[in-house]
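Q: Sharing run39.tsv below, TSV, C-alpha atoms:
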chain	number	residue	atom	x	y	z
W	1	MET	CA	165.82	49.12	111.43
W	2	ARG	CA	164.37	51.80	113.72
W	3	LYS	CA	161.32	52.16	111.47
W	4	VAL	CA	160.81	48.40	111.49
W	5	LEU	CA	160.90	48.28	115.29
W	6	THR	CA	158.57	51.29	115.54
W	7	ILE	CA	155.99	49.58	113.34
W	8	ALA	CA	156.45	46.30	115.22
W	9	GLY	CA	155.93	48.00	118.58
W	10	LYS	CA	152.80	49.81	117.39
W	11	GLU	CA	151.28	46.61	115.98
W	12	LEU	CA	152.16	44.55	119.04
W	13	ARG	CA	150.50	47.11	121.32
W	14	SER	CA	147.40	47.04	119.12
W	15	TYR	CA	147.09	43.29	119.73
W	16	PHE	CA	146.81	43.88	123.47
W	17	VAL	CA	144.53	46.92	123.19
W	18	SER	CA	141.96	44.69	121.47
W	19	PRO	CA	140.89	41.24	122.74
W	20	MET	CA	142.91	39.59	119.94
W	21	ALA	CA	146.03	38.78	121.98
W	22	TYR	CA	144.07	37.36	124.90
W	23	VAL	CA	141.84	35.26	122.64
W	24	ILE	CA	144.88	33.84	120.85
W	25	LEU	CA	146.74	33.12	124.09
W	26	GLY	CA	143.65	31.50	125.63
W	27	PHE	CA	142.86	29.46	122.53
W	28	TYR	CA	146.38	28.13	121.99
W	29	LEU	CA	147.20	27.35	125.61
W	30	GLY	CA	143.69	26.09	126.31
W	31	VAL	CA	143.59	23.58	123.45
W	32	CYS	CA	147.19	22.46	123.93
W	33	GLY	CA	146.71	22.27	127.69
W	34	LEU	CA	143.66	20.04	127.28
W	35	ILE	CA	145.53	17.67	124.96
W	36	PHE	CA	148.50	17.69	127.32
W	37	ALA	CA	146.30	16.79	130.29
W	38	LEU	CA	144.75	13.91	128.37
W	39	THR	CA	148.20	12.73	127.23
W	40	VAL	CA	149.92	12.72	130.61
W	41	GLY	CA	146.84	11.17	132.18
W	42	ALA	CA	147.02	8.11	129.92
W	43	PRO	CA	147.81	4.80	131.66
W	44	GLN	CA	151.20	4.34	129.93
W	45	ALA	CA	152.19	7.99	129.56
W	46	GLN	CA	155.89	8.73	129.01
W	47	ALA	CA	157.93	11.84	129.77
W	48	GLU	CA	158.31	12.89	126.13
W	49	MET	CA	156.82	15.71	124.04
W	50	ALA	CA	156.78	14.28	120.50
W	51	GLY	CA	153.00	13.89	120.33
W	52	MET	CA	152.49	17.22	122.06
W	53	PHE	CA	154.63	19.01	119.49
W	54	HIS	CA	152.40	17.72	116.69
W	55	THR	CA	149.41	19.18	118.53
W	56	MET	CA	151.21	22.49	119.06
W	57	ILE	CA	152.16	22.89	115.40
W	58	PHE	CA	148.65	22.06	114.14
W	59	VAL	CA	147.01	24.49	116.58
W	60	ALA	CA	149.56	27.10	115.44
W	61	LEU	CA	148.51	26.44	111.84
W	62	MET	CA	144.90	27.16	112.77
W	63	MET	CA	145.86	30.21	114.83
W	64	ALA	CA	148.21	31.97	112.38
W	65	PRO	CA	145.53	33.06	109.86
W	66	ILE	CA	143.58	34.73	112.68
W	67	LEU	CA	146.75	36.33	114.00
W	68	THR	CA	147.66	37.83	110.61
W	69	MET	CA	144.32	38.42	108.89
W	70	GLY	CA	144.11	42.12	109.77
W	71	LEU	CA	147.77	43.12	109.46
W	72	LEU	CA	147.46	44.38	105.89
W	73	SER	CA	143.86	43.68	104.87
W	74	GLN	CA	142.48	46.02	107.53
W	75	GLU	CA	144.82	48.77	106.34
W	76	GLN	CA	143.42	48.31	102.84
W	77	ALA	CA	139.80	48.21	104.00
W	78	THR	CA	140.09	51.44	106.01
W	79	GLY	CA	142.22	53.21	103.41
W	80	SER	CA	145.07	53.76	105.87
W	81	ILE	CA	147.36	51.76	103.59
W	82	GLU	CA	147.53	54.80	101.25
W	83	LEU	CA	148.52	57.03	104.16
W	84	LEU	CA	151.15	54.52	105.22
W	85	MET	CA	152.55	54.36	101.68
W	86	THR	CA	152.95	58.16	101.54
W	87	ASN	CA	155.22	58.11	104.59
W	88	PRO	CA	159.00	57.83	104.07
W	89	VAL	CA	158.94	54.11	104.82
W	90	ARG	CA	159.78	51.29	102.44
W	91	ASP	CA	157.43	48.39	101.71
W	92	ILE	CA	159.87	45.88	103.17
W	93	GLU	CA	160.00	47.88	106.42
W	94	VAL	CA	156.21	47.78	106.68
W	95	VAL	CA	156.14	44.04	106.06
W	96	LEU	CA	158.98	43.23	108.46
W	97	GLY	CA	157.54	45.47	111.19
W	98	LYS	CA	154.12	43.85	111.06
W	99	TYR	CA	155.70	40.41	110.75
W	100	LEU	CA	157.83	40.93	113.86
W	101	ALA	CA	154.75	42.07	115.82
W	102	ALA	CA	152.84	38.87	114.97
W	103	LEU	CA	155.95	36.80	115.63
W	104	GLY	CA	156.42	38.50	119.01
W	105	LEU	CA	152.92	37.45	120.08
W	106	PHE	CA	153.57	33.89	118.88
W	107	VAL	CA	156.79	33.76	120.90
W	108	LEU	CA	154.83	34.83	123.99
W	109	VAL	CA	152.45	31.93	123.34
W	110	LEU	CA	155.38	29.50	123.13
W	111	ILE	CA	156.84	30.86	126.36
W	112	GLY	CA	153.49	30.18	128.02
W	113	SER	CA	153.57	26.60	126.75
W	114	LEU	CA	156.86	25.91	128.57
W	115	GLU	CA	154.69	24.86	131.49
W	116	PHE	CA	154.18	21.52	129.71
W	117	PRO	CA	157.81	20.28	129.83
W	118	LEU	CA	158.23	21.80	133.30
W	119	ILE	CA	155.33	19.68	134.53
W	120	MET	CA	156.94	16.63	132.91
W	121	GLU	CA	160.21	17.46	134.66
W	122	ARG	CA	158.44	17.29	138.01
W	123	PHE	CA	156.97	13.84	137.42
W	124	GLY	CA	159.49	12.27	135.02
W	125	ASP	CA	162.85	12.60	133.33
W	126	PRO	CA	162.30	14.26	129.92
W	127	ASP	CA	165.04	14.65	127.31
W	128	TRP	CA	165.64	18.40	127.26
W	129	GLY	CA	167.72	18.19	124.09
W	130	ALA	CA	164.77	16.64	122.24
W	131	ILE	CA	162.43	19.21	123.78
W	132	ALA	CA	164.66	22.07	122.60
W	133	ALA	CA	164.70	20.62	119.07
W	134	GLY	CA	160.93	20.28	119.13
W	135	TYR	CA	160.45	23.87	120.23
W	136	LEU	CA	162.82	25.04	117.50
W	137	GLY	CA	160.65	23.20	114.98
W	138	VAL	CA	157.45	24.75	116.34
W	139	LEU	CA	159.06	28.20	116.23
W	140	LEU	CA	160.25	27.78	112.62
W	141	ALA	CA	156.89	26.42	111.54
W	142	GLY	CA	155.09	29.29	113.30
W	143	MET	CA	157.35	31.79	111.55
W	144	ALA	CA	156.44	30.21	108.21
W	145	PHE	CA	152.71	30.19	109.07
W	146	ILE	CA	152.82	33.89	109.93
W	147	ALA	CA	154.71	34.74	106.73
W	148	VAL	CA	152.10	32.90	104.62
W	149	GLY	CA	149.33	34.64	106.58
W	150	MET	CA	150.96	38.00	105.86
W	151	PHE	CA	150.94	37.23	102.14
W	152	ALA	CA	147.26	36.31	102.26
W	153	SER	CA	146.50	39.51	104.17
W	154	ALA	CA	148.22	41.56	101.45
W	155	LEU	CA	146.09	39.99	98.71
W	156	THR	CA	142.67	41.12	99.94
W	157	ALA	CA	140.98	43.92	101.86
W	158	ASN	CA	138.60	41.49	103.57
W	159	GLN	CA	139.90	40.02	106.84
W	160	ILE	CA	137.68	36.91	106.68
W	161	ALA	CA	138.79	36.22	103.12
W	162	SER	CA	142.39	36.69	104.24
W	163	ALA	CA	141.99	34.16	107.06
W	164	VAL	CA	140.30	31.61	104.77
W	165	LEU	CA	142.92	32.05	102.04
W	166	ALA	CA	145.80	31.68	104.51
W	167	THR	CA	144.21	28.55	106.00
W	168	LEU	CA	143.81	26.97	102.56
W	169	MET	CA	147.42	27.71	101.62
W	170	LEU	CA	148.74	26.31	104.89
W	171	LEU	CA	146.57	23.20	104.64
W	172	PHE	CA	147.94	22.67	101.13
W	173	PHE	CA	151.50	22.61	102.47
W	174	TRP	CA	150.36	20.44	105.38
W	175	LEU	CA	148.54	17.81	103.33
W	176	ILE	CA	150.63	17.66	100.15
W	177	GLY	CA	152.86	15.01	101.67
W	178	TRP	CA	149.98	12.52	101.49
W	179	LEU	CA	150.36	12.48	97.70
W	180	ALA	CA	153.62	10.59	98.17
W	181	PHE	CA	151.61	7.39	98.74
W	182	SER	CA	149.98	7.58	95.30
W	183	VAL	CA	152.77	8.83	93.02
W	184	SER	CA	156.18	7.58	91.87
W	185	ASP	CA	159.13	7.53	94.24
W	186	GLN	CA	160.82	10.50	92.56
W	187	LEU	CA	157.72	12.68	92.67
W	188	GLY	CA	156.96	11.38	96.15
W	189	ASN	CA	160.28	12.69	97.43
W	190	VAL	CA	159.48	16.11	95.95
W	191	VAL	CA	156.03	16.40	97.54
W	192	LYS	CA	157.40	15.18	100.86
W	193	TYR	CA	159.98	17.96	100.80
W	194	LEU	CA	157.17	20.48	100.22
W	195	SER	CA	155.15	19.15	103.14
W	196	ILE	CA	155.19	21.09	106.41
W	197	TYR	CA	154.18	17.94	108.30
W	198	GLU	CA	156.97	15.82	106.82
W	199	ASN	CA	159.59	18.51	107.46
W	200	PHE	CA	158.47	18.82	111.06
W	201	GLN	CA	158.80	15.10	111.81
W	202	ASP	CA	162.52	15.21	112.65
W	203	PHE	CA	162.08	18.16	115.02
W	204	ALA	CA	159.31	16.31	116.89
W	205	LYS	CA	161.66	13.34	117.31
W	206	GLY	CA	164.42	15.58	118.67
W	207	ILE	CA	166.52	15.40	115.48
W	208	LEU	CA	168.18	18.47	113.98
W	209	ASP	CA	168.66	18.26	110.22
W	210	SER	CA	169.61	21.04	107.81
W	211	ARG	CA	166.99	20.11	105.20
W	212	PRO	CA	163.84	21.01	107.17
W	213	ILE	CA	165.55	24.16	108.46
W	214	ILE	CA	166.27	25.20	104.86
W	215	PHE	CA	162.68	24.38	103.90
W	216	PHE	CA	161.13	26.58	106.59
W	217	ALA	CA	163.64	29.38	105.99
W	218	SER	CA	162.86	29.29	102.25
W	219	LEU	CA	159.11	29.32	102.86
W	220	ILE	CA	159.47	32.32	105.18
W	221	PHE	CA	161.67	34.19	102.71
W	222	PHE	CA	159.47	33.62	99.65
W	223	ALA	CA	156.22	34.38	101.48
W	224	LEU	CA	157.60	37.67	102.80
W	225	MET	CA	159.07	38.61	99.43
W	226	LEU	CA	155.71	37.94	97.76
W	227	THR	CA	154.07	40.14	100.38
W	228	VAL	CA	156.52	42.96	99.66
W	229	ARG	CA	155.98	42.53	95.93
W	230	THR	CA	152.20	42.73	96.41
W	231	LEU	CA	152.55	46.02	98.29
W	232	GLU	CA	154.88	47.37	95.61
W	233	ASN	CA	152.28	46.59	92.97
W	234	ARG	CA	149.64	48.49	94.95
W	235	ARG	CA	151.98	51.46	95.23
W	236	THR	CA	152.39	51.62	91.46
W	237	VAL	CA	148.65	51.24	90.68
How would this structure read if it were set down as structure tokens?

A:
Amino acid sequence: MRKVLTIAGKELRSYFVSPMAYVILGFYLGVCGLIFALTVGAPQAQAEMAGMFHTMIFVALMMAPILTMGLLSQEQATGSIELLMTNPVRDIEVVLGKYLAALGLFVLVLIGSLEFPLIMERFGDPDWGAIAAGYLGVLLAGMAFIAVGMFASALTANQIASAVLATLMLLFFWLIGWLAFSVSDQLGNVVKYLSIYENFQDFAKGILDSRPIIFFASLIFFALMLTVRTLENRRTV
């Protein structure tokens, strides 16, 4: 665990040494803040965050590939991945360390977004239970986005290609639920269960259900395991 935390700390510091962390923080909070301002300024605005959570999760989907694109692809492009592999550190420790660094920055972004419900508290009476459920959904979805982005970053040495590949994979899981309207009921239920958007719906409504939690946990697990497997294959080549 010490090696994982050492890698995580090094990667997290590297985010703030470069403009990356500040660009991500500014982009996420700027876009979400603009949508929030337009929402609360509507004539019949209500003190609820359901619509805002949908905005937050979609912006997170767009942000995650940028957040993760250099975690492993840059190591491969510079050749430092070989040096890292010769150290007494396991592949899973490398993956978890870099994953925790990206997740730490995402958590900082979510902490910054707490200003939205606090503003609602001042002018209305929001349901804090529903808000907590919504934030849990955004956190789980963000964790899944980062895990998929890590997998894409392990597949290529080009950061732009990594970002594009991660975006395409995430959009697939986002849009697959739309197929439910054009297929049979049985197949429709399957594609809905594979949809990030459909699994997030209950969280946005303030409902906690085990099924979407299992979905996001499974997506995180399999994406990280595929990332580890990809690194193992590179070690044996």

Q: Restricting the calculation to all atoms listed in the file, which member of W:Ile66, W:Leu103, W:Leu170, W:Ala37 is positioned closest to W:Leu12?

A: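 Among W:Ile66, W:Leu103, W:Leu170, W:Ala37, it is W:Leu103 that comes nearest to W:Leu12.
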
Q: List the neighbours of W:Ser73 out to 8 Å using all atoms listed in the file; skip same-chain residues closer than 5 positions along the sequence, and give me the result as a CSV table (one decimal) with C-alpha atoms, in the coordinates of the input.

A:
chain,number,residue,atom,x,y,z
W,153,SER,CA,146.5,39.5,104.2
W,154,ALA,CA,148.2,41.6,101.4
W,155,LEU,CA,146.1,40.0,98.7
W,156,THR,CA,142.7,41.1,99.9
W,157,ALA,CA,141.0,43.9,101.9
W,158,ASN,CA,138.6,41.5,103.6
W,159,GLN,CA,139.9,40.0,106.8
W,162,SER,CA,142.4,36.7,104.2

Q: Distance atom CA of W:Ala147-atom CA of W:Phe36, one decimal place?

A: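 Spanning atom CA of W:Ala147 to atom CA of W:Phe36 is a straight-line distance of 27.4 Å.
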
Q: Which neighbours of W:Leu168 fall inside 10 Å, counting all atoms listed in the file, when residues of the same chain fewer than 5 positions from it are skipped, and could you give them as a list of chain:residue names?

A: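 Residues meeting the cut-off are W:Pro65, W:Ala152, W:Ser162, W:Ala163, W:Phe173, W:Trp174.
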
Q: Need the shell around stretch 55-64 of chain W: protein/DNA/RNA residues with any atom at most 10 Å away, counting all atoms listed in the file. Skip same-chain ones fewer than 3 positions apart. Format as a PyMOL selection string?

A: chain W and resi 24-25+27-29+31-33+35-36+49-52+67-69+102-103+106+109-110+113+134-135+137-150+163+166-167+170-171+174+196-197+200+204

Q: Got time to write the residues from that selection, C-alpha atoms, as a PDB file, in the frame of the given file?

A:
ATOM      1  CA  ILE W  24     144.880  33.840 120.850  1.00  0.00           C
ATOM      2  CA  LEU W  25     146.740  33.120 124.090  1.00  0.00           C
ATOM      3  CA  PHE W  27     142.860  29.460 122.530  1.00  0.00           C
ATOM      4  CA  TYR W  28     146.380  28.130 121.990  1.00  0.00           C
ATOM      5  CA  LEU W  29     147.200  27.350 125.610  1.00  0.00           C
ATOM      6  CA  VAL W  31     143.590  23.580 123.450  1.00  0.00           C
ATOM      7  CA  CYS W  32     147.190  22.460 123.930  1.00  0.00           C
ATOM      8  CA  GLY W  33     146.710  22.270 127.690  1.00  0.00           C
ATOM      9  CA  ILE W  35     145.530  17.670 124.960  1.00  0.00           C
ATOM     10  CA  PHE W  36     148.500  17.690 127.320  1.00  0.00           C
ATOM     11  CA  MET W  49     156.820  15.710 124.040  1.00  0.00           C
ATOM     12  CA  ALA W  50     156.780  14.280 120.500  1.00  0.00           C
ATOM     13  CA  GLY W  51     153.000  13.890 120.330  1.00  0.00           C
ATOM     14  CA  MET W  52     152.490  17.220 122.060  1.00  0.00           C
ATOM     15  CA  LEU W  67     146.750  36.330 114.000  1.00  0.00           C
ATOM     16  CA  THR W  68     147.660  37.830 110.610  1.00  0.00           C
ATOM     17  CA  MET W  69     144.320  38.420 108.890  1.00  0.00           C
ATOM     18  CA  ALA W 102     152.840  38.870 114.970  1.00  0.00           C
ATOM     19  CA  LEU W 103     155.950  36.800 115.630  1.00  0.00           C
ATOM     20  CA  PHE W 106     153.570  33.890 118.880  1.00  0.00           C
ATOM     21  CA  VAL W 109     152.450  31.930 123.340  1.00  0.00           C
ATOM     22  CA  LEU W 110     155.380  29.500 123.130  1.00  0.00           C
ATOM     23  CA  SER W 113     153.570  26.600 126.750  1.00  0.00           C
ATOM     24  CA  GLY W 134     160.930  20.280 119.130  1.00  0.00           C
ATOM     25  CA  TYR W 135     160.450  23.870 120.230  1.00  0.00           C
ATOM     26  CA  GLY W 137     160.650  23.200 114.980  1.00  0.00           C
ATOM     27  CA  VAL W 138     157.450  24.750 116.340  1.00  0.00           C
ATOM     28  CA  LEU W 139     159.060  28.200 116.230  1.00  0.00           C
ATOM     29  CA  LEU W 140     160.250  27.780 112.620  1.00  0.00           C
ATOM     30  CA  ALA W 141     156.890  26.420 111.540  1.00  0.00           C
ATOM     31  CA  GLY W 142     155.090  29.290 113.300  1.00  0.00           C
ATOM     32  CA  MET W 143     157.350  31.790 111.550  1.00  0.00           C
ATOM     33  CA  ALA W 144     156.440  30.210 108.210  1.00  0.00           C
ATOM     34  CA  PHE W 145     152.710  30.190 109.070  1.00  0.00           C
ATOM     35  CA  ILE W 146     152.820  33.890 109.930  1.00  0.00           C
ATOM     36  CA  ALA W 147     154.710  34.740 106.730  1.00  0.00           C
ATOM     37  CA  VAL W 148     152.100  32.900 104.620  1.00  0.00           C
ATOM     38  CA  GLY W 149     149.330  34.640 106.580  1.00  0.00           C
ATOM     39  CA  MET W 150     150.960  38.000 105.860  1.00  0.00           C
ATOM     40  CA  ALA W 163     141.990  34.160 107.060  1.00  0.00           C
ATOM     41  CA  ALA W 166     145.800  31.680 104.510  1.00  0.00           C
ATOM     42  CA  THR W 167     144.210  28.550 106.000  1.00  0.00           C
ATOM     43  CA  LEU W 170     148.740  26.310 104.890  1.00  0.00           C
ATOM     44  CA  LEU W 171     146.570  23.200 104.640  1.00  0.00           C
ATOM     45  CA  TRP W 174     150.360  20.440 105.380  1.00  0.00           C
ATOM     46  CA  ILE W 196     155.190  21.090 106.410  1.00  0.00           C
ATOM     47  CA  TYR W 197     154.180  17.940 108.300  1.00  0.00           C
ATOM     48  CA  PHE W 200     158.470  18.820 111.060  1.00  0.00           C
ATOM     49  CA  ALA W 204     159.310  16.310 116.890  1.00  0.00           C
TER      50      ALA W 204
END

Q: Using all atoms listed in the file, give me every residue within 12 Å of (158.1, 50.8, 111.6) in file coordinates, as a list in words.

A: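 Residues with an atom at most 12 Å from (158.1, 50.8, 111.6): Met1, Arg2, Lys3, Val4, Leu5, Thr6, Ile7, Ala8, Gly9, Lys10, Glu11, Leu12, Leu84, Met85, Asn87, Pro88, Val89, Arg90, Asp91, Ile92, Glu93, Val94, Val95, Leu96, Gly97, Lys98, Tyr99, Leu100 and Ala101 of chain W.
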
Q: Could you tell me how far atom CA of W:Trp128 sits from atom CA of W:Thr39, in Å to one decimal place?

A: 18.3 Å

Q: Using atom CA of W:Leu208 and atom CA of W:His54 as the two end points, give the distance in Å to one decimal.

A: 16.0 Å

Q: Counting all atoms listed in the file, figure out which residue out of W:Ile131, W:Asp125, W:Phe151, W:Gln74 gets nearest to W:Met225.

A: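 Smallest distance to W:Met225 is found for W:Phe151.
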
Q: Find the axis-aligned box for stretch 115-125 of chain W, covering all its listed atoms and adding 3 Å on each side, and write its centre and edge lengths in Å to one decimal as AutoDock Vina command-line options.

A:
--center_x 158.5 --center_y 18.6 --center_z 133.9 --size_x 14.7 --size_y 18.6 --size_z 14.3

Q: W:Val164, W:Phe53, W:Phe222, W:Gly30: which is nearest W:Gly112, counting only C-alpha atoms?

A: W:Gly30

Q: Could I get stretch 119-131 of chain W from the block written as a PDB file, in the first residue's frame, with C-alpha atoms?

A:
ATOM      1  CA  ILE W 119     -26.285  28.515  -2.606  1.00  0.00           C
ATOM      2  CA  MET W 120     -29.607  26.670  -2.880  1.00  0.00           C
ATOM      3  CA  GLU W 121     -29.682  26.303   0.905  1.00  0.00           C
ATOM      4  CA  ARG W 122     -29.468  30.067   1.253  1.00  0.00           C
ATOM      5  CA  PHE W 123     -32.407  30.773  -1.040  1.00  0.00           C
ATOM      6  CA  GLY W 124     -34.521  27.617  -0.664  1.00  0.00           C
ATOM      7  CA  ASP W 125     -35.027  24.371   1.207  1.00  0.00           C
ATOM      8  CA  PRO W 126     -33.204  21.602  -0.714  1.00  0.00           C
ATOM      9  CA  ASP W 127     -33.466  17.915   0.165  1.00  0.00           C
ATOM     10  CA  TRP W 128     -29.997  17.097   1.482  1.00  0.00           C
ATOM     11  CA  GLY W 129     -30.667  13.358   1.381  1.00  0.00           C
ATOM     12  CA  ALA W 130     -31.365  13.556  -2.358  1.00  0.00           C
ATOM     13  CA  ILE W 131     -28.310  15.780  -2.825  1.00  0.00           C
TER      14      ILE W 131
END
